[in-house]
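Structure first, then comments.
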Amino acid sequence: MGDELAAAIEDEKVTAKQDVKIRYKILQDEFGWDPNDAKKIWCFGPETTGANLLVDTTSQCQFMNEIQDSMEAAF
């Protein structure tokens with residue numbers, strides 16, 4: 001994640017409350033994110049609004065959804 005994306009999150013151009021499809025397009029087109037990673041953002045932090053992201057970038061890993069809530073709480 002670059003400084004430009006962090007600034008966009010802080011300026012609320014990219015938010016957790018935004019429609020997933022819109023956020024996905026912005027991350028892919030403007031910031032060069034991998035399409036799969038842009039779809040797998042679990043949460044923003046701290047306090048669900050900050051410029052930190054928890055992203056599931058695992059591949060072929062089963063049962064990640066089972067620990068998602070625990071990971072978000074820890075984040």
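Residue names in the structure tokens use chain letters A, B, ... in the order shown, residue numbers from 1 in each chain, and ligand numbers from 1 in the order shown.
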
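Residues of chain A carrying a DSSP assignment of strand (DSSP E), computed from the backbone, are Ile41, Trp42, Cys43, Phe44, Gly45, Asn52, Leu53, Leu54 and Val55 of chain A.
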
Using C-alpha atoms, can you write the selected residues to a file as a JSON list (two decimals), in the first residue's frame?
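Once everything was written out, this is out-v4.json:
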[["chain", "number", "residue", "atom", "x", "y", "z"],
["A", 41, "ILE", "CA", -10.30, -6.58, 2.16],
["A", 42, "TRP", "CA", -11.47, -7.78, 5.57],
["A", 43, "CYS", "CA", -11.34, -4.50, 7.48],
["A", 44, "PHE", "CA", -9.93, -1.01, 7.79],
["A", 45, "GLY", "CA", -8.24, 0.08, 10.99],
["A", 52, "ASN", "CA", -4.54, 0.42, 7.65],
["A", 53, "LEU", "CA", -5.97, -2.57, 5.81],
["A", 54, "LEU", "CA", -6.32, -6.22, 6.72],
["A", 55, "VAL", "CA", -6.36, -8.13, 3.43]]

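Of the listed residues (A:Phe63, A:Thr57, A:Gly2, A:Ala74), A:Gly2 comes nearest to A:Gly32; the distances count only C-alpha atoms.
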
Nearest candidate to A:Met1 (options A:Glu47, A:Asp19, A:Glu66, A:Asp34; using only C-alpha atoms) | A:Asp34

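Separating atom CA of A:Ser59 from atom CA of A:Lys40 is a distance of 11.2 Å.
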
Pull the helix (DSSP H, G or I) assignments for chain A out of DSSP run on the backbone, and list those residues as a PyMOL selection string.
-> chain A and resi 3-10+20-31+35-39+64-74

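We find atom CA of A:Val14 and atom CA of A:Ala51 to be spaced 9.4 Å apart.
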
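Omitting A:Thr58 and its sequence neighbours fewer than 4 positions away, and counting only C-alpha atoms, the residues within 10 Å are Asp37, Lys40, Gln62 and Met64 of chain A.
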
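Of note, atom CA of A:Lys13 and atom CA of A:Asp69 are spaced 25.4 Å apart.
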
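Each of A:Tyr24, A:Ala73, A:Glu30, A:Asn36 was checked against A:Ala8 using only C-alpha atoms; the smallest atom-to-atom distance is that of A:Glu30.
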